[in-house]
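Here is target01.cif, consisting of mmCIF, C-alpha atoms:
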data_structure
#
loop_
_atom_site.label_atom_id
_atom_site.label_comp_id
_atom_site.auth_asym_id
_atom_site.auth_seq_id
_atom_site.Cartn_x
_atom_site.Cartn_y
_atom_site.Cartn_z
CA MET A 355 183.12 63.20 292.83
CA GLY A 356 182.45 59.72 294.20
CA HIS A 357 181.74 61.11 297.67
CA ILE A 358 179.47 63.80 296.28
CA LEU A 359 177.54 61.25 294.19
CA ALA A 360 177.02 59.09 297.27
CA ALA A 361 175.53 62.03 299.19
CA LEU A 362 173.05 63.10 296.49
CA THR A 363 169.41 62.09 296.35
CA LYS A 364 168.83 59.08 294.10
CA GLU A 365 167.35 61.09 291.23
CA ASN A 366 170.03 63.79 291.36
CA ARG A 367 172.76 61.13 291.57
CA LEU A 368 171.39 59.48 288.43
CA ALA A 369 171.17 62.81 286.61
CA VAL A 370 174.81 63.60 287.40
CA LEU A 371 175.82 60.03 286.45
CA VAL A 372 174.18 60.44 283.04
CA SER A 373 176.15 63.65 282.55
CA LEU A 374 179.36 61.93 283.71
CA THR A 375 178.95 59.02 281.30
CA THR A 376 177.60 60.87 278.26
CA GLY A 377 179.02 64.39 278.49
CA LEU A 378 175.54 65.90 278.23
CA ARG A 379 174.79 69.22 279.89
CA ILE A 380 172.58 68.80 282.95
CA SER A 381 169.77 70.74 281.28
CA ASP A 382 169.72 68.16 278.47
CA VAL A 383 169.80 65.29 280.95
CA LEU A 384 166.92 66.66 282.99
CA SER A 385 164.76 67.25 279.93
CA LEU A 386 165.00 63.60 278.81
CA ARG A 387 161.58 62.17 278.15
CA THR A 388 160.69 58.69 279.32
CA GLY A 389 159.82 57.67 275.77
CA GLN A 390 163.38 58.46 274.64
CA LEU A 391 164.99 55.94 276.98
CA LYS A 392 166.83 53.27 275.03
CA LYS A 393 170.35 51.94 275.04
CA LYS A 394 171.15 54.32 272.15
CA PHE A 395 169.16 57.39 271.19
CA THR A 396 169.68 60.81 269.64
CA ILE A 397 168.89 64.12 271.28
CA THR A 398 169.02 67.74 270.16
CA GLU A 399 171.08 69.76 272.61
CA GLN A 400 169.15 72.73 273.96
CA LYS A 401 172.07 75.16 273.98
CA THR A 402 173.53 74.46 270.54
CA LEU A 403 170.62 72.77 268.74
CA LYS A 404 173.15 70.17 267.57
CA ARG A 405 172.24 66.48 267.43
CA LYS A 406 174.08 64.01 269.65
CA LEU A 407 174.01 60.23 269.82
CA VAL A 408 173.76 59.06 273.44
CA THR A 409 174.68 55.57 274.62
CA LEU A 410 173.73 54.32 278.08
CA SER A 411 174.98 51.22 279.87
CA ASP A 412 172.37 48.56 280.61
CA LYS A 413 172.71 49.20 284.35
CA LEU A 414 172.21 52.95 284.04
CA LEU A 415 169.34 52.51 281.58
CA ASN A 416 167.55 50.16 284.00
CA GLU A 417 168.04 52.59 286.89
CA LEU A 418 166.62 55.43 284.80
CA ILE A 419 163.62 53.37 283.74
CA ALA A 420 162.97 52.53 287.42
CA ILE A 421 162.70 56.22 288.43
CA ALA A 422 161.16 57.59 285.23
CA GLY A 423 157.82 59.33 285.39
CA PRO A 424 155.12 59.12 282.75
CA VAL A 425 156.49 62.12 280.80
CA PHE A 426 159.98 63.00 282.03
CA VAL A 427 162.68 60.73 283.40
CA PHE A 428 163.50 63.34 286.06
CA GLU A 429 160.16 64.71 287.23
CA HIS A 430 159.74 68.04 288.96
CA ARG A 431 159.08 67.67 292.70
CA TYR A 432 155.66 69.26 292.56
CA ASP A 433 154.48 68.93 288.96
CA ALA A 434 154.95 65.72 286.96
CA ARG A 435 154.21 67.64 283.76
CA GLN A 436 157.56 69.41 284.14
CA HIS A 437 161.09 68.13 284.57
CA ARG A 438 163.37 68.70 287.54
CA THR A 439 165.30 71.97 287.42
CA ARG A 440 169.05 72.22 287.05
CA GLN A 441 169.05 74.55 290.07
CA ALA A 442 167.60 71.76 292.23
CA VAL A 443 170.41 69.42 291.19
CA TYR A 444 173.00 72.19 291.64
CA LYS A 445 171.80 72.88 295.20
CA ASP A 446 172.07 69.18 296.05
CA VAL A 447 175.61 68.99 294.60
CA ARG A 448 176.70 72.08 296.55
CA ARG A 449 175.12 70.66 299.76
CA ALA A 450 177.06 67.42 299.28
CA ALA A 451 180.31 69.29 298.58
CA ARG A 452 179.87 71.31 301.77
CA ALA A 453 179.15 68.13 303.74
CA PHE A 454 182.55 66.78 302.70
CA ARG A 455 184.21 70.19 303.13
CA ILE A 456 185.19 70.27 299.49
CA ASP A 457 186.26 73.84 298.76
CA ALA A 458 186.80 73.39 295.03
CA ARG A 459 184.19 74.92 292.78
CA VAL A 460 182.14 71.80 292.25
CA SER A 461 178.94 72.09 290.27
CA VAL A 462 176.77 69.97 288.02
CA HIS A 463 178.87 71.19 285.08
CA SER A 464 181.91 69.54 286.71
CA ALA A 465 180.51 66.21 285.47
CA ARG A 466 180.85 67.38 281.85
CA LYS A 467 184.44 68.44 282.50
CA ILE A 468 185.26 65.10 284.15
CA TYR A 469 183.81 63.38 281.09
CA ALA A 470 186.04 65.51 278.83
CA VAL A 471 189.16 64.74 280.88
CA LYS A 472 188.45 60.99 280.77
CA GLN A 473 187.81 61.04 277.04
CA TYR A 474 190.99 63.02 276.40
CA LYS A 475 193.05 60.58 278.47
CA ARG A 476 191.40 57.67 276.61
CA THR A 477 191.78 59.06 273.07
CA CYS A 478 194.64 61.59 273.36
CA SER A 479 192.72 63.65 270.81
CA ILE A 480 191.36 67.14 271.40
CA GLN A 481 189.46 66.84 268.11
CA ARG A 482 187.66 63.69 269.29
CA VAL A 483 186.72 65.31 272.61
CA GLN A 484 185.52 68.37 270.68
CA GLU A 485 183.24 66.10 268.61
CA LEU A 486 181.96 64.29 271.71
CA LEU A 487 181.09 67.56 273.46
CA ASN A 488 179.73 69.16 270.27
CA HIS A 489 181.99 72.17 270.80
CA SER A 490 182.56 74.64 267.98
CA SER A 491 185.84 75.87 269.41
CA GLU A 492 188.93 73.75 269.98
CA ALA A 493 190.14 76.28 272.57
CA VAL A 494 187.03 75.75 274.71
CA THR A 495 187.45 71.98 274.41
CA MET A 496 191.04 72.28 275.64
CA VAL A 497 189.84 74.04 278.80
CA TYR A 498 187.50 71.10 279.45
CA ALA A 499 189.90 68.31 278.47
CA LEU A 500 192.73 69.75 280.56
CA ALA A 501 190.53 70.80 283.50
CA ASP A 502 192.31 68.42 285.87
CA GLN A 503 195.67 70.06 285.10
CA LEU A 504 194.33 73.62 285.15
CA THR A 505 192.83 73.24 288.63
CA ALA A 506 195.71 71.28 290.20
#

What's the structure tokens form of this structure?
Amino acid sequence: MGHILAALTKENRLAVLVSLTTGLRISDVLSLRTGQLKKKFTITEQKTLKRKLVTLSDKLLNELIAIAGPVFVFEHRYDARQHRTRQAVYKDVRRAARAFRIDARVSVHSARKIYAVKQYKRTCSIQRVQELLNHSSEAVTMVYALADQLTA
């Protein structure tokens, strides 16, 4: 993932980094509004409508503030009144994966799975990872938390 991150555009790299460090879905990352940016803030996830507390490092927060537009942190290329699309980030991730000849199915959602694997290794608790990802099903969480073993 480090190579792929290095090959992404700055904005797309930051979007994937936010997903990697918070476990947020890329759609939630891209819809972040500039006014929400703080070290700690709460969002409502678009898919589940569940609330989630998000914590950003000072470095990442400062990088996000530097690129943020007047409305959205990740502005659309052509219309600042809209946010960047997840398809645009996905295409950039796939382009980077191809550039490094990475055959694995790498996508923007891979960042969420990497987050789950790291949290599982850190906590050794499926229940904690389930809480962090806001999953309703422990079985789904296990697929995420053990993704490194399932794809090896």

My list of candidates is A:Ala465, A:Leu486, A:Val460, A:Ala420. Which is closest to Arg379 of chain A when distances are computed with all atoms listed in the file? A:Ala465

Please determine, counting all atoms listed in the file, which residue among A:Leu374, A:Ile480, A:Leu418, A:Ala451 has the shortest atom-to-atom distance to Thr388 of chain A.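 Ranked by minimum distance to Thr388 of chain A, first place goes to A:Leu418.
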
Non-local contacts of Leu414 of chain A (9 Å; only C-alpha atoms; under 3 positions in same chain excluded) as a list in words: Leu368, Leu371, Val372, Leu410, Ser411, Glu417, Leu418 and Ile419 of chain A

If we count only C-alpha atoms and set the cut-off at 12 Å, which residues sit around segment 423-435 of chain A, ignoring sequence neighbours fewer than 6 positions away in its own chain? Please answer as a list in words.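 In the requested format, the answer is Thr363, Lys364, Glu365, Asn366, Arg367, Leu368, Ala369, Val370, Val372, Ile380, Ser381, Asp382, Val383, Leu384, Ser385, Leu386, Arg387, Thr388, Gly389, Gln390, Leu391, Lys392, Leu415, Asn416, Glu417, Gln441, Ala442 and Val443 of chain A.
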
Target residues per the PyMOL selection byres ((chain A and resi 495) around 10), formatted as a tab-separated table (two decimals) with C-alpha atoms, in the coordinates of the input:
chain	number	residue	atom	x	y	z
A	467	LYS	CA	184.44	68.44	282.50
A	470	ALA	CA	186.04	65.51	278.83
A	471	VAL	CA	189.16	64.74	280.88
A	474	TYR	CA	190.99	63.02	276.40
A	480	ILE	CA	191.36	67.14	271.40
A	481	GLN	CA	189.46	66.84	268.11
A	482	ARG	CA	187.66	63.69	269.29
A	483	VAL	CA	186.72	65.31	272.61
A	484	GLN	CA	185.52	68.37	270.68
A	485	GLU	CA	183.24	66.10	268.61
A	486	LEU	CA	181.96	64.29	271.71
A	487	LEU	CA	181.09	67.56	273.46
A	488	ASN	CA	179.73	69.16	270.27
A	489	HIS	CA	181.99	72.17	270.80
A	490	SER	CA	182.56	74.64	267.98
A	491	SER	CA	185.84	75.87	269.41
A	492	GLU	CA	188.93	73.75	269.98
A	493	ALA	CA	190.14	76.28	272.57
A	494	VAL	CA	187.03	75.75	274.71
A	496	MET	CA	191.04	72.28	275.64
A	497	VAL	CA	189.84	74.04	278.80
A	498	TYR	CA	187.50	71.10	279.45
A	499	ALA	CA	189.90	68.31	278.47
A	500	LEU	CA	192.73	69.75	280.56
A	501	ALA	CA	190.53	70.80	283.50

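Note that atom CA of Lys413 of chain A and atom CA of Arg452 of chain A are 29.0 Å apart.
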
Looking at A:Thr398, A:Asp502, A:Ala450, A:Ile358, which one is nearest to Ile468 of chain A, with distances taken over all atoms listed in the file? A:Asp502

Can you list, as a list in words, the residues that the PyMOL selection byres ((chain A and resi 357) around 10) selects here? Met355, Gly356, Ile358, Leu359, Ala360, Ala361, Leu362, Ala450, Ala451, Ala453, Phe454 and Ile456 of chain A

By how many Å are atom CA of Lys406 of chain A and atom CA of Arg448 of chain A apart?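 That distance, rounded to one decimal, is 28.2 Å.
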
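If you measure from each of A:Arg476, A:Thr376, A:Thr439, A:Ala422 to Val408 of chain A using all atoms listed in the file, the closest one turns out to be A:Thr376.
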
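Atom to atom, atom CA of Ile421 of chain A and atom CA of Arg466 of chain A stand 22.3 Å apart.
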
Using only C-alpha atoms, which of A:Thr375, A:Thr409, A:Thr402, A:Lys393 sits nearest Lys472 of chain A? A:Thr375

Using only C-alpha atoms, which of the listed residues (A:Lys404, A:Lys394, A:Lys475, A:Arg440) sits closest to Val462 of chain A?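 Counting only C-alpha atoms, the residue closest to Val462 of chain A is A:Arg440.
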
Limit the output to N, CA, C and O atoms and give segment 453-472 of chain A as a PDB file, in the first residue's frame.
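Wrote selection14.pdb, looks like this:
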ATOM      1  N   ALA A 453       0.690   0.334 -12.214  1.00  0.00           N
ATOM      2  CA  ALA A 453       2.046   0.865 -12.418  1.00  0.00           C
ATOM      3  C   ALA A 453       3.083   0.021 -11.685  1.00  0.00           C
ATOM      4  O   ALA A 453       4.208  -0.127 -12.150  1.00  0.00           O
ATOM      5  N   PHE A 454       2.690  -0.534 -10.547  1.00  0.00           N
ATOM      6  CA  PHE A 454       3.608  -1.384  -9.776  1.00  0.00           C
ATOM      7  C   PHE A 454       3.380  -2.867 -10.046  1.00  0.00           C
ATOM      8  O   PHE A 454       3.909  -3.716  -9.339  1.00  0.00           O
ATOM      9  N   ARG A 455       2.545  -3.152 -11.042  1.00  0.00           N
ATOM     10  CA  ARG A 455       2.227  -4.537 -11.426  1.00  0.00           C
ATOM     11  C   ARG A 455       1.707  -5.347 -10.240  1.00  0.00           C
ATOM     12  O   ARG A 455       2.087  -6.509 -10.048  1.00  0.00           O
ATOM     13  N   ILE A 456       0.863  -4.720  -9.460  1.00  0.00           N
ATOM     14  CA  ILE A 456       0.247  -5.405  -8.328  1.00  0.00           C
ATOM     15  C   ILE A 456      -1.033  -6.045  -8.836  1.00  0.00           C
ATOM     16  O   ILE A 456      -1.955  -5.363  -9.262  1.00  0.00           O
ATOM     17  N   ASP A 457      -1.058  -7.382  -8.812  1.00  0.00           N
ATOM     18  CA  ASP A 457      -2.200  -8.112  -9.353  1.00  0.00           C
ATOM     19  C   ASP A 457      -3.329  -8.272  -8.341  1.00  0.00           C
ATOM     20  O   ASP A 457      -4.463  -8.542  -8.718  1.00  0.00           O
ATOM     21  N   ALA A 458      -3.017  -8.142  -7.077  1.00  0.00           N
ATOM     22  CA  ALA A 458      -4.045  -8.322  -6.045  1.00  0.00           C
ATOM     23  C   ALA A 458      -5.177  -7.335  -6.263  1.00  0.00           C
ATOM     24  O   ALA A 458      -4.981  -6.262  -6.822  1.00  0.00           O
ATOM     25  N   ARG A 459      -6.349  -7.708  -5.818  1.00  0.00           N
ATOM     26  CA  ARG A 459      -7.504  -6.821  -5.972  1.00  0.00           C
ATOM     27  C   ARG A 459      -7.404  -5.677  -4.970  1.00  0.00           C
ATOM     28  O   ARG A 459      -7.935  -5.743  -3.870  1.00  0.00           O
ATOM     29  N   VAL A 460      -6.721  -4.647  -5.374  1.00  0.00           N
ATOM     30  CA  VAL A 460      -6.528  -3.474  -4.536  1.00  0.00           C
ATOM     31  C   VAL A 460      -7.573  -2.447  -4.931  1.00  0.00           C
ATOM     32  O   VAL A 460      -7.768  -2.182  -6.110  1.00  0.00           O
ATOM     33  N   SER A 461      -8.237  -1.887  -3.929  1.00  0.00           N
ATOM     34  CA  SER A 461      -9.211  -0.835  -4.192  1.00  0.00           C
ATOM     35  C   SER A 461      -9.175   0.152  -3.027  1.00  0.00           C
ATOM     36  O   SER A 461      -8.424  -0.038  -2.065  1.00  0.00           O
ATOM     37  N   VAL A 462      -9.994   1.171  -3.096  1.00  0.00           N
ATOM     38  CA  VAL A 462     -10.033   2.125  -1.991  1.00  0.00           C
ATOM     39  C   VAL A 462     -10.556   1.459  -0.723  1.00  0.00           C
ATOM     40  O   VAL A 462     -10.201   1.858   0.386  1.00  0.00           O
ATOM     41  N   HIS A 463     -11.370   0.424  -0.871  1.00  0.00           N
ATOM     42  CA  HIS A 463     -11.902  -0.280   0.301  1.00  0.00           C
ATOM     43  C   HIS A 463     -10.817  -1.105   1.000  1.00  0.00           C
ATOM     44  O   HIS A 463     -10.965  -1.468   2.169  1.00  0.00           O
ATOM     45  N   SER A 464      -9.724  -1.367   0.304  1.00  0.00           N
ATOM     46  CA  SER A 464      -8.601  -2.091   0.915  1.00  0.00           C
ATOM     47  C   SER A 464      -8.078  -1.333   2.135  1.00  0.00           C
ATOM     48  O   SER A 464      -7.608  -1.947   3.091  1.00  0.00           O
ATOM     49  N   ALA A 465      -8.149  -0.011   2.103  1.00  0.00           N
ATOM     50  CA  ALA A 465      -7.677   0.799   3.233  1.00  0.00           C
ATOM     51  C   ALA A 465      -8.471   0.473   4.496  1.00  0.00           C
ATOM     52  O   ALA A 465      -7.918   0.373   5.591  1.00  0.00           O
ATOM     53  N   ARG A 466      -9.761   0.291   4.362  1.00  0.00           N
ATOM     54  CA  ARG A 466     -10.615  -0.052   5.514  1.00  0.00           C
ATOM     55  C   ARG A 466     -10.252  -1.439   6.059  1.00  0.00           C
ATOM     56  O   ARG A 466     -10.229  -1.657   7.260  1.00  0.00           O
ATOM     57  N   LYS A 467      -9.938  -2.351   5.165  1.00  0.00           N
ATOM     58  CA  LYS A 467      -9.544  -3.692   5.594  1.00  0.00           C
ATOM     59  C   LYS A 467      -8.181  -3.671   6.281  1.00  0.00           C
ATOM     60  O   LYS A 467      -7.969  -4.349   7.279  1.00  0.00           O
ATOM     61  N   ILE A 468      -7.253  -2.875   5.749  1.00  0.00           N
ATOM     62  CA  ILE A 468      -5.935  -2.740   6.390  1.00  0.00           C
ATOM     63  C   ILE A 468      -6.099  -2.161   7.784  1.00  0.00           C
ATOM     64  O   ILE A 468      -5.467  -2.612   8.740  1.00  0.00           O
ATOM     65  N   TYR A 469      -6.973  -1.174   7.926  1.00  0.00           N
ATOM     66  CA  TYR A 469      -7.267  -0.593   9.233  1.00  0.00           C
ATOM     67  C   TYR A 469      -7.778  -1.685  10.188  1.00  0.00           C
ATOM     68  O   TYR A 469      -7.334  -1.780  11.333  1.00  0.00           O
ATOM     69  N   ALA A 470      -8.698  -2.513   9.713  1.00  0.00           N
ATOM     70  CA  ALA A 470      -9.269  -3.578  10.548  1.00  0.00           C
ATOM     71  C   ALA A 470      -8.199  -4.575  10.983  1.00  0.00           C
ATOM     72  O   ALA A 470      -8.157  -4.980  12.152  1.00  0.00           O
ATOM     73  N   VAL A 471      -7.332  -4.954  10.058  1.00  0.00           N
ATOM     74  CA  VAL A 471      -6.254  -5.906  10.380  1.00  0.00           C
ATOM     75  C   VAL A 471      -5.343  -5.312  11.457  1.00  0.00           C
ATOM     76  O   VAL A 471      -5.007  -5.985  12.444  1.00  0.00           O
ATOM     77  N   LYS A 472      -4.953  -4.048  11.286  1.00  0.00           N
ATOM     78  CA  LYS A 472      -4.071  -3.405  12.273  1.00  0.00           C
ATOM     79  C   LYS A 472      -4.732  -3.319  13.644  1.00  0.00           C
ATOM     80  O   LYS A 472      -4.099  -3.573  14.666  1.00  0.00           O
TER      81      LYS A 472
END
